[in-house]
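Peer 1: Please find one structure pasted underneath; my questions will follow.
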Amino acid sequence: MTNIKDLARMAGVSVTTVSRVLNNHPYVSKEKRTAVLEAISESNYEQNINAVHLSKGKTQMIGVVLPFSDHPYFALLLKGIAKEALENNYKLVLFQTDYMESRELEALQMLKQKQIDSLIICSRTCDWSVIKEYLQYGRIVLCEDVNGKEVSSTFVNQYKIFLRTLEFLFQKGHEKIGYCIGRKTGPSSKLRARAYQEFLVKNNLTFQEKYIIDQCNYFEDAEKVMDIILNMDRPPTALIVTSDQVAAGIVTYCQKQGVKIPEELAIIGFHNEPIAKMMEISSIEIPLFDMGKNLLQQAISKDITNKEMFFHFIERSTV
């Protein structure tokens, strides 16, 4: 197999000159560059990419951890990450975890083994103590409010979003308010739960565990939600749904079953996806694409930064 010394001999130049040509160094004469390129062509030389990465100390690859690749929330985040990666000459390594801790640990191990330069975690499963242990091996960027921890993050204030949405519904006359989420664990879910509890206490409302429905991620999950609600003695009159896909499924189900929206059930979705606009569903607009772009910038930066992104409430016909 041809190596760099062979190329130097064939081209009649030094090993240093060959190295400069391989690494696109500007200070090589046209004649010598041509001679090296001809030697490369004649010998079908292929660079050992692992050796290049080792010499540079960088792989130009960023790991991205996300629970689902087909969910619109994570797809939009990933779109922003990928756009920025392309513009900065980085490649992405995707880790779909399905919220399995073992798969997230695999991504962290790749960071430790220097197989990737940085790791973006879009939705975390591992405890912070685990994440902290791996910070010594490379940059980790989180998509959550890290509350002063020494790690970069891009996030929206889930506590503030949830509290304001609850107060909006309360001002509309709703006291029996429920919500649908993907999972009850996780940093964002805990912030939403805290906002919900504080809202109930502030307004002297009774906590109803059954008003909180989890495992709601896709359009088809709406049937499960409505089956639960319609079998309650005192069902909620309003729902905050942290996925526009699920919200659209609920609206579709209600239309088929004759449940009047918003008279009998008010609906507010999340992310203001195209389906929410098309079906006139009220939603919380979150700049996911821009969040993704910022996450990638943080992954390649040497600085630790925390950026809060702003949200907007879009009121439509479902409230």
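Lettering and numbering for the structure tokens are positional, with chains as A, B, ... in the shown order, residues counted from 1 in each chain, and ligands counted from 1 in the shown order.
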So that I can see what lies close to Gly138 in chain A, please list as a PDB file with N, CA and C atoms, in the first residue's frame the residues with an atom at most 7 Å from it, counting only C-alpha atoms and leaving out residues fewer than 4 positions away in the same chain.

Peer 2:
```
ATOM      1  N   LEU A 111     -17.604   9.969  22.535  1.00  0.00           N
ATOM      2  CA  LEU A 111     -16.948  11.239  22.853  1.00  0.00           C
ATOM      3  C   LEU A 111     -15.670  10.970  23.651  1.00  0.00           C
ATOM      4  N   ASP A 117     -16.008  14.930  17.902  1.00  0.00           N
ATOM      5  CA  ASP A 117     -15.423  16.105  18.551  1.00  0.00           C
ATOM      6  C   ASP A 117     -16.296  16.647  19.677  1.00  0.00           C
ATOM      7  N   SER A 118     -17.602  16.596  19.482  1.00  0.00           N
ATOM      8  CA  SER A 118     -18.560  17.143  20.451  1.00  0.00           C
ATOM      9  C   SER A 118     -19.835  16.317  20.402  1.00  0.00           C
TER      10      SER A 118
END
```

Peer 1: Among range 10-163 of chain A, which ones does DSSP place in helix (DSSP H, G or I), written as a PyMOL selection string?

Peer 2: chain A and resi 10-11+15-22+30-43+49-56+72-87+101-112+128-137+158-163

Peer 1: Taking only C-alpha atoms into account, produce a table as CSV in which each residue of range 125-212 of chain A with an atom at most 9 Å from an atom of range 222-236 of chain A appears once, together with its shortest atom pair and the distance in Å to one decimal, ordered by chain and rising number.

Peer 2:
```
residue,atom,partner,partner_atom,distance
A:His174,CA,A:Pro236,CA,8.5
A:Glu175,CA,A:Pro236,CA,8.1
A:Lys176,CA,A:Pro236,CA,4.6
A:Ile177,CA,A:Pro236,CA,5.2
A:Gly178,CA,A:Pro236,CA,5.9
A:Cys180,CA,A:Val225,CA,8.0
A:Lys210,CA,A:Ile228,CA,8.6
A:Tyr211,CA,A:Pro236,CA,6.8
```

Peer 1: I'd like to know which of A:Arg192, A:Lys32, A:Arg20, A:Lys58 is closest to Ile212 in chain A, using only C-alpha atoms.

Peer 2: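 The answer is A:Arg192, which sits nearest to Ile212 in chain A.
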
Peer 1: Ranking A:Gly173, A:Gly292, A:Gly269, A:Gly12 by minimum distance to Ser317 in chain A and counting only C-alpha atoms, which one comes first?

Peer 2: A:Gly269

Peer 1: With DSSP run on the backbone, what are the strand (DSSP E) residues within range 10-203 of chain A? I'd like them as a list in words.

Peer 2: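 Matching residues for strand (DSSP E) in range 10-203 of chain A are Met61, Ile62, Gly63, Val64, Val65, Leu66, Lys91, Leu92, Val93, Leu94, Phe95, Gln96, Ser118, Leu119, Ile120, Ile121, Arg139, Ile140, Val141, Leu142, Ser152, Ser153, Thr154, Phe155, Ile177, Gly178, Tyr179 and Cys180 of chain A.
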
Peer 1: So, with only C-alpha atoms as the atoms that count, which of A:Asp290, A:Glu106, A:Asp70, A:Glu280 lies closest to Leu119 in chain A?

Peer 2: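 Answer, going by the shortest atom-to-atom distance: A:Glu106.
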
Peer 1: So how far away is CA of Lys149 in chain A from CA of Met100 in chain A, in Å?

Peer 2: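 We find that CA of Met100 in chain A and CA of Lys149 in chain A lie 23.5 Å from each other.
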
Peer 1: Just give me the gap between CA of Leu163 in chain A and CA of Val201 in chain A in Å, one decimal is fine.

Peer 2: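 Between these atoms lies a distance of 12.2 Å.
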
Peer 1: Range 12-110 of chain A near range 127-132 of chain A within 10 Å: what's each residue's closest atom pair and its distance in Å to one decimal, counting only C-alpha atoms, ordered by chain then ascending residue number, as a tab-separated table?

Peer 2:
```
residue	atom	partner	partner_atom	distance
A:Glu101	CA	A:Asp127	CA	9.2
A:Glu104	CA	A:Ile131	CA	9.9
A:Leu105	CA	A:Val130	CA	8.8
A:Leu108	CA	A:Ile131	CA	8.1
```

Peer 1: Applying 12 Å and only C-alpha atoms, which residues near Ile275 in chain A remain after dropping the ones on its own chain fewer than 6 positions away? List them as a list in words.

Peer 2: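 Once the adjacent positions are removed, what remains is Pro72, Phe219, Ser243, Asp244, Gln245, Val246, Ala247, Ala248, Gly249, Val251, Thr252, Gly269, Ile281, Ser282 and Ser283 of chain A.
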
Peer 1: Since we have the selection now, will you write its residues out, keeping C-alpha atoms, as a PDB file, in the first residue's frame?

Peer 2:
```pdb
ATOM      1  CA  PRO A  72     -41.439  16.722  13.954  1.00  0.00           C
ATOM      2  CA  PHE A 219     -51.084  11.762  15.753  1.00  0.00           C
ATOM      3  CA  SER A 243     -47.099  18.110  20.332  1.00  0.00           C
ATOM      4  CA  ASP A 244     -49.041  19.675  17.483  1.00  0.00           C
ATOM      5  CA  GLN A 245     -49.285  16.208  15.941  1.00  0.00           C
ATOM      6  CA  VAL A 246     -51.189  14.894  18.956  1.00  0.00           C
ATOM      7  CA  ALA A 247     -53.241  18.091  19.138  1.00  0.00           C
ATOM      8  CA  ALA A 248     -54.252  17.607  15.496  1.00  0.00           C
ATOM      9  CA  GLY A 249     -55.240  14.025  16.247  1.00  0.00           C
ATOM     10  CA  VAL A 251     -59.137  17.807  17.043  1.00  0.00           C
ATOM     11  CA  THR A 252     -59.796  15.218  14.306  1.00  0.00           C
ATOM     12  CA  GLY A 269     -50.599  22.620  20.928  1.00  0.00           C
ATOM     13  CA  ILE A 281     -55.023  24.936  16.179  1.00  0.00           C
ATOM     14  CA  SER A 282     -53.770  27.368  18.805  1.00  0.00           C
ATOM     15  CA  SER A 283     -50.108  26.678  19.472  1.00  0.00           C
TER      16      SER A 283
END
```

Peer 1: So which one's closest to Ile81 in chain A, A:Cys143, A:Val13, A:Val36, A:Leu166? Using only C-alpha atoms, please.

Peer 2: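 Smallest separation from Ile81 in chain A among the options: A:Cys143.
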
Peer 1: Excluding Val18 in chain A and its own-chain neighbours fewer than 4 positions away, which residues fall within 9 Å of it when counting only C-alpha atoms? Please give them as a PyMOL selection string.

Peer 2: chain A and resi 4-5+7-8+11+13-14+22-23+32-33+36-37
